[in-house]
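Q: So here's upload_10.tsv (TSV, C-alpha atoms).
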chain	number	residue	atom	x	y	z
A	382	MET	CA	-23.67	5.03	-4.55
A	383	ALA	CA	-21.01	7.11	-6.26
A	384	ALA	CA	-17.48	7.50	-5.00
A	385	PRO	CA	-16.83	10.84	-3.25
A	386	THR	CA	-14.03	12.01	-5.52
A	387	ALA	CA	-13.78	12.55	-9.27
A	388	LEU	CA	-12.93	9.36	-11.10
A	389	ALA	CA	-11.15	10.80	-14.11
A	390	SER	CA	-8.76	8.33	-15.72
A	391	ILE	CA	-5.36	8.71	-14.08
A	392	SER	CA	-2.30	7.52	-15.92
A	393	PHE	CA	0.76	5.90	-14.39
A	394	GLU	CA	2.78	8.85	-15.65
A	395	GLU	CA	0.67	11.16	-13.45
A	396	ILE	CA	1.03	8.81	-10.49
A	397	GLU	CA	4.81	8.65	-10.91
A	398	GLY	CA	5.01	12.40	-10.37
A	399	SER	CA	3.71	12.02	-6.83
A	400	LYS	CA	6.32	9.53	-5.58
A	401	GLU	CA	8.60	10.45	-2.70
A	402	ASN	CA	11.59	8.88	-1.08
A	403	ILE	CA	10.75	5.84	0.95
A	404	GLN	CA	10.38	6.29	4.68
A	405	PRO	CA	11.36	3.88	7.46
A	406	LEU	CA	8.77	1.20	8.16
A	407	LYS	CA	7.14	1.09	11.59
A	408	ARG	CA	6.81	-2.62	12.16
A	409	GLY	CA	8.75	-5.47	13.63
A	410	ARG	CA	11.41	-7.29	11.66
A	411	ASN	CA	13.02	-10.66	12.04
A	412	PRO	CA	15.90	-9.95	14.48
A	413	LYS	CA	18.31	-12.35	12.76
A	414	LYS	CA	17.65	-10.86	9.34
A	415	LEU	CA	17.93	-7.34	10.69
A	416	LEU	CA	21.25	-8.14	12.38
A	417	SER	CA	22.52	-9.69	9.16
A	418	ALA	CA	21.56	-6.58	7.21
A	419	LEU	CA	23.21	-4.27	9.73
A	420	GLN	CA	26.41	-6.31	9.74
A	421	LYS	CA	26.60	-6.22	5.96
A	422	THR	CA	26.03	-2.46	5.78
A	423	GLU	CA	29.12	-2.06	7.97
A	424	LYS	CA	31.17	-3.70	5.20
A	425	PRO	CA	30.24	-1.75	2.04
A	426	LEU	CA	32.01	-3.95	-0.51
A	427	GLN	CA	30.65	-7.16	0.97
A	428	ALA	CA	27.19	-5.66	1.26
A	429	LYS	CA	27.18	-4.42	-2.33
A	430	SER	CA	28.07	-7.86	-3.63
A	431	PHE	CA	25.60	-9.64	-1.37
A	432	PHE	CA	22.63	-7.46	-2.25
A	433	LYS	CA	23.48	-7.42	-5.94
A	434	ASN	CA	23.49	-11.22	-5.97
A	435	LYS	CA	20.22	-11.41	-4.03
A	436	ARG	CA	18.55	-8.97	-6.40
A	437	SER	CA	19.70	-10.99	-9.35
A	438	GLU	CA	18.42	-14.15	-7.68
A	439	PHE	CA	14.95	-12.72	-7.08
A	440	GLU	CA	14.77	-11.19	-10.55
A	441	GLU	CA	15.71	-14.52	-12.09
A	442	LYS	CA	12.99	-16.28	-10.11
A	443	ILE	CA	10.46	-13.75	-11.37
A	444	LYS	CA	11.66	-14.16	-14.94
A	445	THR	CA	11.68	-17.96	-14.96
A	446	TYR	CA	8.56	-18.64	-12.86
A	447	LYS	CA	6.28	-21.13	-14.62
A	448	GLY	CA	3.72	-21.84	-11.89
A	449	PRO	CA	0.04	-20.88	-11.71
A	450	ASP	CA	0.53	-17.83	-9.47
A	451	PRO	CA	3.22	-15.47	-10.86
A	452	LEU	CA	2.57	-12.91	-8.15
A	453	ILE	CA	4.31	-15.14	-5.59
A	454	PRO	CA	7.95	-14.43	-6.61
A	455	TRP	CA	7.20	-10.70	-6.65
A	456	LEU	CA	5.80	-10.86	-3.12
A	457	ASP	CA	8.83	-12.86	-1.98
A	458	TYR	CA	11.10	-10.15	-3.41
A	459	ILE	CA	9.14	-7.34	-1.76
A	460	ASP	CA	9.07	-9.16	1.58
A	461	TRP	CA	12.82	-9.72	1.43
A	462	VAL	CA	13.53	-6.02	0.81
A	463	GLN	CA	11.28	-4.98	3.69
A	464	GLU	CA	12.80	-7.54	6.07
A	465	TYR	CA	16.44	-6.89	5.31
A	466	PHE	CA	16.64	-3.14	5.20
A	467	PRO	CA	16.47	-1.24	8.50
A	468	THR	CA	15.89	1.97	6.50
A	469	GLY	CA	12.75	0.57	4.92
A	470	GLY	CA	14.31	-0.51	1.65
A	471	HIS	CA	15.68	2.82	0.38
A	472	SER	CA	18.87	1.26	-0.99
A	473	MET	CA	16.87	-1.24	-3.02
A	474	LYS	CA	14.43	1.37	-4.27
A	475	LEU	CA	11.37	-0.26	-2.76
A	476	VAL	CA	9.07	2.28	-4.38
A	477	GLU	CA	10.24	1.23	-7.83
A	478	LEU	CA	9.82	-2.43	-6.94
A	479	LEU	CA	6.27	-1.90	-5.71
A	480	GLU	CA	5.47	0.11	-8.81
A	481	ALA	CA	6.90	-2.56	-11.10
A	482	CYS	CA	4.73	-5.17	-9.42
A	483	THR	CA	1.57	-3.08	-9.75
A	484	ARG	CA	2.32	-2.48	-13.43
A	485	LYS	CA	3.09	-6.09	-14.19
A	486	PHE	CA	-0.33	-7.38	-13.13
A	487	LEU	CA	-2.46	-4.36	-13.97
A	488	LYS	CA	-4.23	-6.07	-16.89
A	489	ASP	CA	-4.27	-9.54	-15.33
A	490	GLU	CA	-7.88	-10.24	-14.38
A	491	ARG	CA	-6.81	-12.92	-11.89
A	492	TYR	CA	-5.47	-10.26	-9.58
A	493	LYS	CA	-8.12	-7.53	-9.84
A	494	GLN	CA	-9.65	-8.72	-6.57
A	495	ASP	CA	-6.65	-10.50	-5.05
A	496	ILE	CA	-6.04	-9.13	-1.55
A	497	ARG	CA	-2.29	-9.62	-1.93
A	498	TYR	CA	-2.16	-7.44	-5.04
A	499	LEU	CA	-4.25	-4.79	-3.27
A	500	ARG	CA	-1.75	-4.75	-0.39
A	501	VAL	CA	1.04	-4.02	-2.86
A	502	TRP	CA	-0.94	-1.08	-4.22
A	503	ILE	CA	-1.62	0.26	-0.72
A	504	GLY	CA	2.05	-0.08	0.19
A	505	TYR	CA	2.82	1.94	-2.93
A	506	ALA	CA	0.19	4.56	-2.06
A	507	ASP	CA	1.72	4.90	1.42
A	508	ARG	CA	4.95	6.06	-0.19
A	509	CYS	CA	3.45	8.66	-2.53
A	510	ARG	CA	2.97	12.35	-1.84
A	511	GLU	CA	-0.53	12.17	-3.32
A	512	PRO	CA	-1.97	8.79	-2.29
A	513	LEU	CA	-5.47	9.92	-3.21
A	514	ASP	CA	-4.41	9.68	-6.86
A	515	ILE	CA	-3.68	6.01	-6.27
A	516	PHE	CA	-7.06	5.33	-4.67
A	517	ASN	CA	-8.87	7.16	-7.46
A	518	PHE	CA	-6.95	4.98	-9.91
A	519	LEU	CA	-7.87	1.79	-8.07
A	520	GLU	CA	-11.53	2.79	-7.98
A	521	HIS	CA	-11.58	3.72	-11.66
A	522	ASN	CA	-9.98	0.42	-12.65
A	523	ARG	CA	-12.01	-1.65	-10.18
A	524	ILE	CA	-8.98	-3.02	-8.37
A	525	GLY	CA	-9.63	-4.38	-4.88
A	526	THR	CA	-13.15	-2.97	-4.79
A	527	GLN	CA	-14.54	-6.13	-3.21
A	528	HIS	CA	-12.25	-5.82	-0.17
A	529	THR	CA	-12.89	-3.83	3.00
A	530	LEU	CA	-9.17	-3.02	3.11
A	531	LEU	CA	-9.47	-0.66	0.13
A	532	TYR	CA	-12.12	1.51	1.77
A	533	GLU	CA	-10.43	1.46	5.16
A	534	ALA	CA	-7.11	2.64	3.72
A	535	TRP	CA	-8.75	5.20	1.44
A	536	SER	CA	-10.80	6.65	4.29
A	537	LEU	CA	-7.72	6.88	6.53
A	538	ILE	CA	-5.98	9.05	3.94
A	539	LEU	CA	-9.02	11.32	3.63
A	540	GLU	CA	-9.39	11.49	7.40
A	541	SER	CA	-5.72	12.43	7.81
A	542	ARG	CA	-6.41	15.42	5.56
A	543	ASP	CA	-9.48	16.42	7.58
A	544	LYS	CA	-11.83	15.41	4.76
A	545	ILE	CA	-14.19	13.83	7.26
A	546	PRO	CA	-17.36	13.81	5.12
A	547	ASP	CA	-15.47	12.22	2.20
A	548	ALA	CA	-13.93	9.61	4.50
A	549	HIS	CA	-17.37	8.70	5.81
A	550	GLU	CA	-18.73	8.47	2.26
A	551	VAL	CA	-15.91	6.11	1.24
A	552	LEU	CA	-16.70	3.79	4.14
A	553	SER	CA	-20.38	3.95	3.27
A	554	LEU	CA	-19.51	3.06	-0.33
A	555	GLY	CA	-17.67	-0.05	0.82
A	556	MET	CA	-20.57	-1.08	3.03
A	557	HIS	CA	-23.01	-0.49	0.16
A	558	ARG	CA	-20.92	-2.76	-2.06
A	559	LYS	CA	-20.76	-5.39	0.69
A	560	ALA	CA	-16.98	-5.47	0.57
A	561	GLU	CA	-15.47	-8.38	2.49
A	562	PRO	CA	-15.17	-9.07	5.31
A	563	THR	CA	-18.43	-7.22	5.93
A	564	SER	CA	-18.14	-7.83	9.68
A	565	ARG	CA	-15.07	-5.58	9.78
A	566	PHE	CA	-17.00	-2.44	8.87
A	567	ALA	CA	-18.71	-2.13	12.26
A	568	ARG	CA	-15.34	-1.83	14.03
A	569	ILE	CA	-13.94	0.48	11.36
A	570	MET	CA	-16.95	2.79	11.43
A	571	LYS	CA	-16.98	2.95	15.22
A	572	GLY	CA	-13.31	3.90	15.30
A	573	PHE	CA	-13.87	6.50	12.60
A	574	GLU	CA	-16.79	8.09	14.46
A	575	VAL	CA	-14.76	8.32	17.68
A	576	ARG	CA	-11.84	9.98	15.90
A	577	ALA	CA	-14.12	12.32	13.95
A	578	ALA	CA	-15.84	13.44	17.15
A	579	LYS	CA	-12.45	14.05	18.76
A	580	LYS	CA	-11.30	16.17	15.81
A	581	ILE	CA	-14.47	18.26	15.93
A	582	THR	CA	-14.03	18.81	19.66
A	583	GLN	CA	-10.37	19.77	19.22
A	584	ALA	CA	-11.27	22.17	16.41
A	585	LEU	CA	-13.86	23.88	18.59
A	586	GLN	CA	-11.42	24.11	21.50
A	587	ALA	CA	-8.69	25.50	19.25
A	588	ARG	CA	-11.09	28.15	17.96
A	589	GLY	CA	-11.71	29.31	21.51
A	590	ASN	CA	-8.10	28.88	22.65
A	591	PRO	CA	-5.47	29.26	19.87
A	592	ASP	CA	-2.68	28.16	22.22
A	593	SER	CA	-4.18	24.65	22.38
A	594	ALA	CA	-4.04	24.10	18.62
A	595	GLU	CA	-0.62	22.45	18.54
A	596	ASP	CA	-0.68	18.70	17.87
A	597	ASP	CA	1.69	16.41	19.67
A	598	ILE	CA	4.49	14.67	17.76
A	599	GLY	CA	2.66	11.34	17.65
A	600	GLU	CA	-0.42	12.88	16.06
A	601	ARG	CA	1.62	14.71	13.43
A	602	GLU	CA	3.44	11.52	12.52
A	603	ALA	CA	0.17	9.59	12.30
A	604	ALA	CA	-1.19	12.21	9.93
A	605	ARG	CA	1.90	12.02	7.75
A	606	ARG	CA	1.84	8.25	7.31
A	607	PRO	CA	-1.75	7.24	8.19
A	608	LEU	CA	-1.48	3.80	6.56
A	609	GLN	CA	1.47	2.52	8.58
A	610	GLY	CA	-0.54	0.84	11.34
A	611	LEU	CA	-2.91	-0.71	8.83
A	612	LEU	CA	-0.08	-2.03	6.68
A	613	SER	CA	1.67	-3.51	9.70
A	614	ALA	CA	-1.47	-5.41	10.66
A	615	GLU	CA	-2.03	-6.57	7.09
A	616	ARG	CA	1.46	-8.01	6.82
A	617	GLY	CA	0.50	-10.50	9.49
A	618	GLN	CA	-2.19	-11.95	7.25
A	619	ARG	CA	-1.65	-14.97	5.05
A	620	ARG	CA	-0.87	-13.92	1.49
A	621	ARG	CA	-0.79	-17.26	-0.32
A	622	GLY	CA	-3.74	-18.30	-2.47
A	623	LEU	CA	-5.64	-16.39	-5.14
A	624	GLY	CA	-8.72	-14.32	-4.37
A	625	THR	CA	-11.89	-16.27	-5.01
A	626	ARG	CA	-13.93	-13.41	-6.45
A	627	MET	CA	-13.06	-11.94	-9.83
A	628	VAL	CA	-14.19	-8.68	-11.37
A	629	ARG	CA	-16.53	-8.83	-14.34
A	630	GLY	CA	-17.12	-5.89	-16.62
A	631	ARG	CA	-14.87	-2.98	-17.49
A	632	SER	CA	-11.36	-2.91	-16.17
A	633	GLY	CA	-10.72	0.75	-16.89
A	634	GLY	CA	-7.89	2.14	-18.93
A	635	LEU	CA	-4.72	4.10	-18.38
A	636	GLY	CA	-4.79	7.52	-19.89
A	637	GLY	CA	-1.25	7.42	-21.23
A	638	GLY	CA	-0.78	3.66	-21.30
A	639	ALA	CA	1.21	1.74	-18.70
A	640	ARG	CA	4.72	0.53	-19.26
A	641	SER	CA	5.01	-3.18	-18.65
A	642	SER	CA	7.65	-4.21	-16.19
A	643	SER	CA	8.81	-7.81	-16.41
Would you mind writing the file out in structure tokens?

A:
Amino acid sequence: MAAPTALASISFEEIEGSKENIQPLKRGRNPKKLLSALQKTEKPLQAKSFFKNKRSEFEEKIKTYKGPDPLIPWLDYIDWVQEYFPTGGHSMKLVELLEACTRKFLKDERYKQDIRYLRVWIGYADRCREPLDIFNFLEHNRIGTQHTLLYEAWSLILESRDKIPDAHEVLSLGMHRKAEPTSRFARIMKGFEVRAAKKITQALQARGNPDSAEDDIGEREAARRPLQGLLSAERGQRRRGLGTRMVRGRSGGLGGGARSSS
């Protein structure tokens, strides 16, 4: 079964053009860490020194890591930024950090089907103006294609843009590939069908009554950042340990070549 969108090779340079400023995260944070961050932001000089030292500490750990799983120090750094910044990491340029991580391991076959690496990519996609470019890139390079999470996130983006047939085709593609966990697709598909039916009903009602076409604030926000709920749930999952299934065959190429970020 073919993917529903064109799979032309997309370069990182093209992806970079679709980035936007980071938005606040909608998930719980460790109260103690949040309080610490808020207290430090009230003292600019102290905060600047503290965060500069922490950044240097994490970057040094990444640089000097000699263990079997070099993704770990990157994930620790990303987690720290998300925990400590009530604004979602804007001051630490979370988007750039996520991008650097995706670049670093792009050609590392160990991580092609590692769920943790896929979560980094999806977090990055959630902060881009054109997340569909990211999902096309992942599909073309066979990153995360053995995980249900890829198809769920991809379909949510399509659904948020009222591309209902494409969203359904993406979910069907994941089911056809027997992405894991396969048991999750039944729940995902049921939820999708309920939402799709609701959208069709609303569209028909709006056609007959233009005054009823206005969405409420919650629905508009959900459409703007459709991956937020999914990402929040995923962050509760264990991220240690490499994926057990590795991709064989072509890895796909970057049109303009990716810059390596160490």

Q: Record the distance separating CA of Asp547 (chain A) and CA of Trp502 (chain A), expressed in Å with one decimal.

A: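 Answer for the CA of Asp547 (chain A) to CA of Trp502 (chain A) separation: 20.7 Å.
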
Q: Within 12 Å of Tyr458 (chain A), counting all atoms listed in the file, which residues qualify if same-chain residues fewer than 3 places away don't, as an NGL selection string?

A: :A and (432 or 435-443 or 452-455 or 461-465 or 470 or 473 or 475 or 478-479 or 481-482 or 501)

Q: Could you check how far CA of Leu552 (chain A) sits from CA of Ala584 (chain A), in Å to one decimal?

A: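 Interatomic distance here is 22.8 Å.
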
Q: Within 10 Å of (2.6, -4.3, 1.2), all atoms listed in the file: residues as a PyMOL selection string?

A: chain A and resi 456+459-460+463+479+497-507+612-613+615-616

Q: To one decimal in Å, tell me the separation between CA of Arg565 (chain A) and CA of Ser541 (chain A).

A: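 Value for the CA of Arg565 (chain A)-CA of Ser541 (chain A) distance: 20.4 Å.
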
Q: Rank A:Ser553, A:Asn522, A:Gln583, A:Gln427 by their smallest atom-to-atom distance to Asp489 (chain A), using only C-alpha atoms, and report the top residue only.

A: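 The closest residue to Asp489 (chain A) is A:Asn522.
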
Q: Restricting the calculation to all atoms listed in the file, which member of A:Leu487, A:Tyr492, A:Val551, A:Ile581 is positioned closest to Asn517 (chain A)?

A: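 With all atoms listed in the file as the atom set, the closest residue is A:Val551.
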
Q: Find the nearest atom pair between each residue of region 458-514 of chain A and region 523-536 of chain A for residues within 7 Å, count all atoms listed in the file, give distances in Å to one decimal, sort rows by chain and ascending number, and present the table as CSV.

A:
residue,atom,partner,partner_atom,distance
A:Lys493,CA,A:Ile524,CA,4.8
A:Gln494,CA,A:Gly525,CA,4.7
A:Asp495,CA,A:Gly525,CA,6.8
A:Ile496,CA,A:Gly525,CA,6.8
A:Leu499,CA,A:Gly525,CA,5.6
